[in-house]
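For reference, data-v4.cif (mmCIF, C-alpha atoms):
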```
data_start
loop_
_atom_site.group_PDB
_atom_site.id
_atom_site.type_symbol
_atom_site.label_atom_id
_atom_site.label_comp_id
_atom_site.auth_asym_id
_atom_site.auth_seq_id
_atom_site.Cartn_x
_atom_site.Cartn_y
_atom_site.Cartn_z
ATOM 1 C CA MET A 300 15.475 18.767 25.063
ATOM 2 C CA THR A 301 15.410 15.985 22.495
ATOM 3 C CA SER A 302 17.616 13.055 23.459
ATOM 4 C CA ALA A 303 20.307 11.582 21.223
ATOM 5 C CA ILE A 304 18.319 8.337 21.085
ATOM 6 C CA GLN A 305 15.265 10.181 19.781
ATOM 7 C CA SER A 306 17.207 12.019 17.123
ATOM 8 C CA THR A 307 19.120 9.014 15.796
ATOM 9 C CA THR A 308 16.551 6.211 16.141
ATOM 10 C CA PRO A 309 13.815 6.634 13.534
ATOM 11 C CA LEU A 310 10.193 5.844 13.993
ATOM 12 C CA HIS A 311 9.130 2.662 12.254
ATOM 13 C CA ILE A 312 5.877 2.820 10.310
ATOM 14 C CA ASP A 313 4.264 -0.304 8.863
ATOM 15 C CA ILE A 314 1.614 0.429 6.239
ATOM 16 C CA VAL A 315 -0.899 -2.351 5.623
ATOM 17 C CA SER A 316 -2.603 -1.887 2.281
ATOM 18 C CA ASP A 317 -3.678 -3.428 -0.996
ATOM 19 C CA ILE A 318 -2.469 -2.285 -4.400
ATOM 20 C CA VAL A 319 -5.998 -2.226 -5.848
ATOM 21 C CA CYS A 320 -7.490 -0.236 -2.950
ATOM 22 C CA PRO A 321 -8.145 3.399 -3.958
ATOM 23 C CA TRP A 322 -8.364 4.527 -0.336
ATOM 24 C CA CYS A 323 -4.923 2.998 0.204
ATOM 25 C CA TYR A 324 -3.530 5.201 -2.561
ATOM 26 C CA ILE A 325 -5.202 8.241 -1.002
ATOM 27 C CA GLY A 326 -3.812 7.178 2.386
ATOM 28 C CA LYS A 327 -0.347 6.888 0.861
ATOM 29 C CA ARG A 328 -0.500 10.483 -0.343
ATOM 30 C CA ARG A 329 -1.708 11.674 3.058
ATOM 31 C CA LEU A 330 1.092 9.775 4.778
ATOM 32 C CA GLU A 331 3.594 11.486 2.472
ATOM 33 C CA GLN A 332 2.169 14.849 3.517
ATOM 34 C CA ALA A 333 2.376 13.852 7.181
ATOM 35 C CA LEU A 334 6.019 12.822 6.740
ATOM 36 C CA ALA A 335 6.801 16.199 5.164
ATOM 37 C CA LEU A 336 5.149 17.962 8.115
ATOM 38 C CA PHE A 337 7.077 15.756 10.539
ATOM 39 C CA ALA A 338 10.372 16.677 8.878
ATOM 40 C CA GLN A 339 9.529 20.375 9.056
ATOM 41 C CA GLN A 340 8.410 20.358 12.668
ATOM 42 C CA HIS A 341 10.996 17.885 14.009
ATOM 43 C CA PRO A 342 14.277 18.488 12.172
ATOM 44 C CA GLU A 343 16.119 16.854 15.068
ATOM 45 C CA GLN A 344 14.415 13.527 14.306
ATOM 46 C CA ALA A 345 15.600 10.947 11.805
ATOM 47 C CA ALA A 346 13.225 10.292 8.922
ATOM 48 C CA PRO A 347 10.754 7.501 9.784
ATOM 49 C CA ALA A 348 11.507 4.065 8.329
ATOM 50 C CA LEU A 349 8.623 2.713 6.266
ATOM 51 C CA ARG A 350 7.637 -0.819 5.391
ATOM 52 C CA TRP A 351 4.661 -1.856 3.266
ATOM 53 C CA LEU A 352 2.768 -4.961 4.367
ATOM 54 C CA PRO A 353 0.272 -7.013 2.344
ATOM 55 C CA PHE A 354 -3.487 -7.117 2.613
ATOM 56 C CA GLN A 355 -5.851 -8.494 -0.007
ATOM 57 C CA LEU A 356 -9.211 -6.829 -0.395
ATOM 58 C CA ASN A 357 -10.321 -9.936 -2.260
ATOM 59 C CA PRO A 358 -8.423 -12.897 -0.793
ATOM 60 C CA ASP A 359 -10.714 -15.340 -2.584
ATOM 61 C CA MET A 360 -10.076 -13.844 -6.005
ATOM 62 C CA PRO A 361 -9.103 -16.577 -8.509
ATOM 63 C CA ALA A 362 -5.419 -16.606 -9.427
ATOM 64 C CA GLN A 363 -6.336 -15.520 -12.956
ATOM 65 C CA GLY A 364 -8.512 -12.669 -11.679
ATOM 66 C CA MET A 365 -11.845 -11.792 -13.259
ATOM 67 C CA SER A 366 -13.318 -9.141 -15.496
ATOM 68 C CA ARG A 367 -13.973 -5.905 -13.653
ATOM 69 C CA SER A 368 -17.579 -5.810 -14.856
ATOM 70 C CA ASP A 369 -18.209 -9.276 -13.380
ATOM 71 C CA TYR A 370 -16.476 -8.209 -10.163
ATOM 72 C CA LEU A 371 -18.594 -5.070 -9.819
ATOM 73 C CA LEU A 372 -21.770 -6.957 -10.678
ATOM 74 C CA ARG A 373 -20.996 -9.529 -8.006
ATOM 75 C CA LYS A 374 -20.020 -6.939 -5.396
ATOM 76 C CA PHE A 375 -22.477 -4.110 -6.050
ATOM 77 C CA GLY A 376 -25.130 -5.581 -8.319
ATOM 78 C CA GLN A 377 -24.163 -3.222 -11.149
ATOM 79 C CA ALA A 378 -21.591 -3.959 -13.849
ATOM 80 C CA ASP A 379 -20.322 -0.361 -13.733
ATOM 81 C CA GLY A 380 -20.426 -0.012 -9.957
ATOM 82 C CA GLY A 381 -23.073 2.696 -10.199
ATOM 83 C CA ASP A 382 -22.192 5.803 -8.229
ATOM 84 C CA ARG A 383 -20.175 3.849 -5.657
ATOM 85 C CA TYR A 384 -16.900 5.396 -6.739
ATOM 86 C CA ALA A 385 -17.981 9.031 -7.043
ATOM 87 C CA HIS A 386 -16.791 9.902 -3.533
ATOM 88 C CA VAL A 387 -13.472 8.093 -3.811
ATOM 89 C CA LYS A 388 -12.789 9.765 -7.164
ATOM 90 C CA ALA A 389 -13.478 13.173 -5.622
ATOM 91 C CA GLU A 390 -11.182 12.445 -2.683
ATOM 92 C CA GLY A 391 -8.532 11.184 -5.068
ATOM 93 C CA LEU A 392 -8.580 14.438 -7.019
ATOM 94 C CA LYS A 393 -7.918 16.332 -3.778
ATOM 95 C CA GLU A 394 -4.662 14.369 -3.543
ATOM 96 C CA ASN A 395 -3.805 14.812 -7.254
ATOM 97 C CA LEU A 396 -4.818 11.230 -7.988
ATOM 98 C CA PRO A 397 -7.028 11.233 -11.096
ATOM 99 C CA PHE A 398 -8.343 7.693 -10.809
ATOM 100 C CA ALA A 399 -9.114 6.274 -14.257
ATOM 101 C CA LEU A 400 -11.183 3.343 -13.093
ATOM 102 C CA ASP A 401 -12.864 2.986 -16.466
ATOM 103 C CA ARG A 402 -9.506 1.826 -17.853
ATOM 104 C CA VAL A 403 -9.414 -1.163 -15.506
ATOM 105 C CA GLN A 404 -10.697 -4.168 -17.422
ATOM 106 C CA ARG A 405 -9.603 -6.926 -15.060
ATOM 107 C CA MET A 406 -9.553 -7.250 -11.272
ATOM 108 C CA PRO A 407 -6.483 -9.235 -10.250
ATOM 109 C CA ASN A 408 -5.504 -11.530 -7.463
ATOM 110 C CA THR A 409 -2.814 -9.374 -5.821
ATOM 111 C CA LEU A 410 -0.593 -12.055 -4.240
ATOM 112 C CA LYS A 411 2.069 -11.707 -6.941
ATOM 113 C CA SER A 412 2.043 -7.918 -6.791
ATOM 114 C CA HIS A 413 2.450 -8.025 -3.012
ATOM 115 C CA ALA A 414 5.317 -10.476 -3.417
ATOM 116 C CA LEU A 415 7.042 -7.936 -5.662
ATOM 117 C CA VAL A 416 6.558 -5.219 -3.055
ATOM 118 C CA ALA A 417 7.940 -7.467 -0.315
ATOM 119 C CA ALA A 418 10.996 -8.393 -2.400
ATOM 120 C CA ALA A 419 11.566 -4.731 -3.276
ATOM 121 C CA TYR A 420 12.327 -4.023 0.387
ATOM 122 C CA GLU A 421 15.592 -5.946 0.055
ATOM 123 C CA PHE A 422 16.478 -3.949 -3.069
ATOM 124 C CA GLY A 423 15.802 -0.658 -1.280
ATOM 125 C CA VAL A 424 13.073 0.320 -3.734
ATOM 126 C CA GLN A 425 9.910 -0.717 -1.904
ATOM 127 C CA PRO A 426 8.251 2.748 -1.917
ATOM 128 C CA GLN A 427 9.022 3.153 -5.608
ATOM 129 C CA ILE A 428 7.513 -0.205 -6.562
ATOM 130 C CA LYS A 429 4.449 0.310 -4.391
ATOM 131 C CA GLU A 430 3.863 3.668 -6.074
ATOM 132 C CA ALA A 431 4.548 2.310 -9.561
ATOM 133 C CA LEU A 432 2.125 -0.597 -9.154
ATOM 134 C CA MET A 433 -0.665 1.579 -7.799
ATOM 135 C CA HIS A 434 -0.178 4.156 -10.539
ATOM 136 C CA ALA A 435 -0.107 1.444 -13.202
ATOM 137 C CA PHE A 436 -3.378 -0.019 -11.946
ATOM 138 C CA PHE A 437 -5.370 3.128 -11.162
ATOM 139 C CA MET A 438 -4.111 5.479 -13.864
ATOM 140 C CA ASP A 439 -3.021 3.176 -16.685
ATOM 141 C CA GLY A 440 -5.395 0.256 -16.110
ATOM 142 C CA ILE A 441 -2.714 -2.396 -16.703
ATOM 143 C CA ASP A 442 -3.639 -6.050 -16.468
ATOM 144 C CA MET A 443 -1.989 -7.078 -13.205
ATOM 145 C CA THR A 444 -2.635 -10.724 -13.957
ATOM 146 C CA ASP A 445 -0.047 -10.430 -16.751
ATOM 147 C CA ASP A 446 3.451 -11.283 -15.465
ATOM 148 C CA GLN A 447 5.173 -9.391 -18.276
ATOM 149 C CA GLN A 448 3.339 -6.196 -17.399
ATOM 150 C CA LEU A 449 4.199 -6.635 -13.730
ATOM 151 C CA ILE A 450 7.864 -7.174 -14.611
ATOM 152 C CA ALA A 451 7.869 -4.010 -16.710
ATOM 153 C CA VAL A 452 6.396 -1.988 -13.843
ATOM 154 C CA ALA A 453 8.877 -3.424 -11.334
ATOM 155 C CA GLN A 454 11.786 -2.754 -13.677
ATOM 156 C CA SER A 455 10.672 0.856 -14.184
ATOM 157 C CA ALA A 456 10.812 1.292 -10.404
ATOM 158 C CA GLY A 457 14.325 -0.070 -9.992
ATOM 159 C CA MET A 458 14.061 -3.845 -9.627
ATOM 160 C CA PRO A 459 16.015 -5.939 -12.138
ATOM 161 C CA ALA A 460 13.721 -7.765 -14.546
ATOM 162 C CA GLU A 461 15.235 -11.156 -13.729
ATOM 163 C CA ALA A 462 14.663 -10.609 -10.011
ATOM 164 C CA ALA A 463 11.073 -9.571 -10.586
ATOM 165 C CA ASN A 464 10.444 -12.607 -12.769
ATOM 166 C CA ALA A 465 11.931 -14.884 -10.101
ATOM 167 C CA VAL A 466 9.538 -13.459 -7.500
ATOM 168 C CA LEU A 467 6.543 -13.923 -9.777
ATOM 169 C CA GLN A 468 7.435 -17.591 -10.282
ATOM 170 C CA ASP A 469 8.190 -18.240 -6.591
ATOM 171 C CA THR A 470 5.100 -19.962 -5.158
ATOM 172 C CA ALA A 471 6.705 -20.056 -1.704
ATOM 173 C CA ALA A 472 6.925 -16.261 -1.762
ATOM 174 C CA HIS A 473 3.247 -16.071 -2.691
ATOM 175 C CA GLN A 474 2.350 -18.411 0.158
ATOM 176 C CA ASP A 475 4.358 -16.222 2.530
ATOM 177 C CA ILE A 476 2.329 -13.208 1.455
ATOM 178 C CA ALA A 477 -0.897 -15.117 2.111
ATOM 179 C CA ALA A 478 0.405 -16.068 5.557
ATOM 180 C CA GLN A 479 1.295 -12.448 6.361
ATOM 181 C CA ASP A 480 -2.157 -11.339 5.235
ATOM 182 C CA ALA A 481 -3.774 -13.985 7.459
ATOM 183 C CA GLU A 482 -1.657 -12.959 10.446
ATOM 184 C CA LEU A 483 -2.582 -9.291 10.066
ATOM 185 C CA ARG A 484 -6.249 -10.273 10.001
ATOM 186 C CA ARG A 485 -5.701 -12.479 13.053
ATOM 187 C CA ILE A 486 -4.423 -9.527 15.090
ATOM 188 C CA GLY A 487 -7.520 -7.537 14.171
ATOM 189 C CA ILE A 488 -6.779 -5.632 10.977
ATOM 190 C CA ASN A 489 -9.820 -6.035 8.745
ATOM 191 C CA GLY A 490 -9.685 -2.862 6.684
ATOM 192 C CA VAL A 491 -7.053 -0.839 4.906
ATOM 193 C CA PRO A 492 -5.114 1.347 4.839
ATOM 194 C CA PHE A 493 -3.888 0.679 8.345
ATOM 195 C CA PHE A 494 -0.812 2.357 9.823
ATOM 196 C CA ILE A 495 1.216 0.868 12.675
ATOM 197 C CA ILE A 496 3.703 3.218 14.324
ATOM 198 C CA ASN A 497 6.498 1.614 16.365
ATOM 199 C CA ARG A 498 4.218 -1.400 16.779
ATOM 200 C CA GLN A 499 2.398 0.625 19.426
ATOM 201 C CA TYR A 500 -0.078 2.907 17.676
ATOM 202 C CA GLY A 501 -2.564 1.734 15.088
ATOM 203 C CA ILE A 502 -4.415 4.145 12.811
ATOM 204 C CA SER A 503 -7.159 2.879 10.538
ATOM 205 C CA GLY A 504 -8.248 4.533 7.321
ATOM 206 C CA ALA A 505 -7.002 7.261 4.997
ATOM 207 C CA GLN A 506 -6.726 9.759 7.822
ATOM 208 C CA PRO A 507 -5.805 13.426 7.289
ATOM 209 C CA PRO A 508 -2.065 14.214 7.439
ATOM 210 C CA GLU A 509 -2.564 16.005 10.749
ATOM 211 C CA ALA A 510 -3.930 12.865 12.396
ATOM 212 C CA LEU A 511 -0.979 10.808 11.189
ATOM 213 C CA LEU A 512 1.423 13.524 12.331
ATOM 214 C CA ALA A 513 -0.156 13.571 15.800
ATOM 215 C CA ALA A 514 0.327 9.816 16.117
ATOM 216 C CA MET A 515 3.974 10.106 15.068
ATOM 217 C CA GLU A 516 4.536 12.874 17.595
ATOM 218 C CA GLN A 517 2.971 10.761 20.323
ATOM 219 C CA ALA A 518 5.194 7.833 19.390
ATOM 220 C CA ILE A 519 8.428 9.826 19.752
ATOM 221 C CA LYS A 520 7.444 10.622 23.314
ATOM 222 C CA GLU A 521 7.020 6.965 24.264
ATOM 223 C CA PRO A 522 9.630 4.223 24.658
ATOM 224 C CA THR A 523 9.574 1.908 21.694
ATOM 225 C CA SER A 524 8.490 -1.730 21.976
ATOM 226 C CA ARG A 525 10.389 -2.789 18.860
#
```

With the file now loaded, output its structure as structure tokens.
Amino acid sequence: MTSAIQSTTPLHIDIVSDIVCPWCYIGKRRLEQALALFAQQHPEQAAPALRWLPFQLNPDMPAQGMSRSDYLLRKFGQADGGDRYAHVKAEGLKENLPFALDRVQRMPNTLKSHALVAAAYEFGVQPQIKEALMHAFFMDGIDMTDDQQLIAVAQSAGMPAEAANAVLQDTAAHQDIAAQDAELRRIGINGVPFFIINRQYGISGAQPPEALLAAMEQAIKEPTSR
């Protein structure tokens, strides 16, 4: 029989990811599927509480970013990336994510975007802003080095424009994001997406929904260390 503690105390899932990581977007969709399965199979359980944590794929990216062609040339030796993205595009389509990578003209430094996501937690709209930023980058190809475009995306997801602007101008908030990123690397996270369930179970990569569900089910059987 499920205990009252199990049914009223939700699982806590931290998701470590970057906004410009296509596998993180795929992982987000698979997590959403896993959460739907969890709700169906465990109606006695409270919905898991989610929190998105920052990770920069390119922590050394200049604050002003760089052209995507220069980025791809530096990373892969080809200004168009060659066929490197064929697999990720195919996997994205399986999750109804039609990546439009050809629209992306500039690779950004993502500190400011992560600061928006962190601040959105206090406004209760963190999932919405995470989704809006990823959609804006991968589908619309917005320039995420442009504060006005970031403000517009944040506002569309429920954060007041003045609050978003304050975050984008807050260098202390950006430094805090860099410190969180460094701490996550220090504890051994060196690739994303990475899911941490109840601070006990770590799952690396855009795993199938069933794998994420299995980890959640294991976590509800164990005493939490939170």

Which of these residues is nearest to Asp445 of chain A, using all atoms listed in the file: A:Lys374, A:Arg402, A:Lys393, A:Lys411?
A:Lys411

Find the nearest atom pair between each residue of segment 438-478 of chain A and segment 356-367 of chain A for residues within 9 Å, count only C-alpha atoms, give distances in Å to one decimal, sort rows by chain and ascending number, and present the table as JSON lines.
```
{"residue": "A:Met443", "atom": "CA", "partner": "A:Gly364", "partner_atom": "CA", "distance": 8.7}
{"residue": "A:Thr444", "atom": "CA", "partner": "A:Gln363", "partner_atom": "CA", "distance": 6.1}
{"residue": "A:Asp445", "atom": "CA", "partner": "A:Gln363", "partner_atom": "CA", "distance": 8.9}
{"residue": "A:Ala477", "atom": "CA", "partner": "A:Pro358", "partner_atom": "CA", "distance": 8.4}
```

Create the file for the chosen residues now, containing C-alpha atoms and written as a PDB file, in the frame of the given file.
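Once everything was written out, this is again-v4.pdb:
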```pdb
ATOM      1  CA  MET A 443      -1.989  -7.078 -13.205  1.00  0.00           C
ATOM      2  CA  THR A 444      -2.635 -10.724 -13.957  1.00  0.00           C
ATOM      3  CA  ASP A 445      -0.047 -10.430 -16.751  1.00  0.00           C
ATOM      4  CA  ALA A 477      -0.897 -15.117   2.111  1.00  0.00           C
TER       5      ALA A 477
END
```

Name every residue that the PyMOL selection byres ((chain A and resi 462) around 12) selects in this structure, writing the answer as a PDB file with C-alpha atoms, in the frame of the given file with chains first and numbers rising.
```pdb
ATOM      1  CA  ALA A 414       5.317 -10.476  -3.417  1.00  0.00           C
ATOM      2  CA  LEU A 415       7.042  -7.936  -5.662  1.00  0.00           C
ATOM      3  CA  VAL A 416       6.558  -5.219  -3.055  1.00  0.00           C
ATOM      4  CA  ALA A 418      10.996  -8.393  -2.400  1.00  0.00           C
ATOM      5  CA  ALA A 419      11.566  -4.731  -3.276  1.00  0.00           C
ATOM      6  CA  GLU A 421      15.592  -5.946   0.055  1.00  0.00           C
ATOM      7  CA  PHE A 422      16.478  -3.949  -3.069  1.00  0.00           C
ATOM      8  CA  LEU A 449       4.199  -6.635 -13.730  1.00  0.00           C
ATOM      9  CA  ILE A 450       7.864  -7.174 -14.611  1.00  0.00           C
ATOM     10  CA  ALA A 451       7.869  -4.010 -16.710  1.00  0.00           C
ATOM     11  CA  ALA A 453       8.877  -3.424 -11.334  1.00  0.00           C
ATOM     12  CA  GLN A 454      11.786  -2.754 -13.677  1.00  0.00           C
ATOM     13  CA  GLY A 457      14.325  -0.070  -9.992  1.00  0.00           C
ATOM     14  CA  MET A 458      14.061  -3.845  -9.627  1.00  0.00           C
ATOM     15  CA  PRO A 459      16.015  -5.939 -12.138  1.00  0.00           C
ATOM     16  CA  ALA A 460      13.721  -7.765 -14.546  1.00  0.00           C
ATOM     17  CA  GLU A 461      15.235 -11.156 -13.729  1.00  0.00           C
ATOM     18  CA  ALA A 463      11.073  -9.571 -10.586  1.00  0.00           C
ATOM     19  CA  ASN A 464      10.444 -12.607 -12.769  1.00  0.00           C
ATOM     20  CA  ALA A 465      11.931 -14.884 -10.101  1.00  0.00           C
ATOM     21  CA  VAL A 466       9.538 -13.459  -7.500  1.00  0.00           C
ATOM     22  CA  LEU A 467       6.543 -13.923  -9.777  1.00  0.00           C
ATOM     23  CA  GLN A 468       7.435 -17.591 -10.282  1.00  0.00           C
ATOM     24  CA  ASP A 469       8.190 -18.240  -6.591  1.00  0.00           C
TER      25      ASP A 469
END
```

Could you check the closest approach to Cys320 of chain A for each of A:Gln517, A:Gln332, A:Thr308, A:Gln355 and tell me which residue wins, using all atoms listed in the file?
A:Gln355

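With the shown file loaded, the PyMOL selection byres ((chain A and resi 326) around 8) picks out Trp322, Cys323, Tyr324, Ile325, Lys327, Arg328, Arg329, Leu330, Pro492, Gly504, Ala505 and Gln506 of chain A.
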
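In this comparison, which uses all atoms listed in the file, the residue of A:Asn497, A:Ser316, A:Gln344, A:Ser368 approaching Lys429 of chain A most closely is A:Ser316.
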
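The coordinates place atom CA of Ile486 of chain A at 24.5 Å from atom CA of Pro426 of chain A.
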
Separation of atom CA of Gln499 of chain A and atom CA of Asp313 of chain A, in Å?
10.8 Å

Could you tell me how far atom CA of Glu390 of chain A sits from atom CA of His434 of chain A, in Å to one decimal place?
15.9 Å

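Counting only C-alpha atoms and comparing A:Leu483, A:Ile314, A:Leu371, A:Ala513, the residue that lies closest to Ala348 of chain A is A:Ile314.
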
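Using all atoms listed in the file for every distance, the candidate list A:Asp317, A:Leu334, A:Pro397, A:Gln474 yields A:Leu334 as the residue closest to Ala514 of chain A.
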
Exercise: Asp439 of chain A partners within 10 Å, all atoms listed in the file, chain neighbours under 2 positions left out, as a PyMOL selection string
chain A and resi 398-403+432-437+441-442

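Checking A:Pro342, A:Pro353, A:Gly423, A:Gly391 one by one against Arg484 of chain A, counting all atoms listed in the file, you find the shortest gap at A:Pro353.
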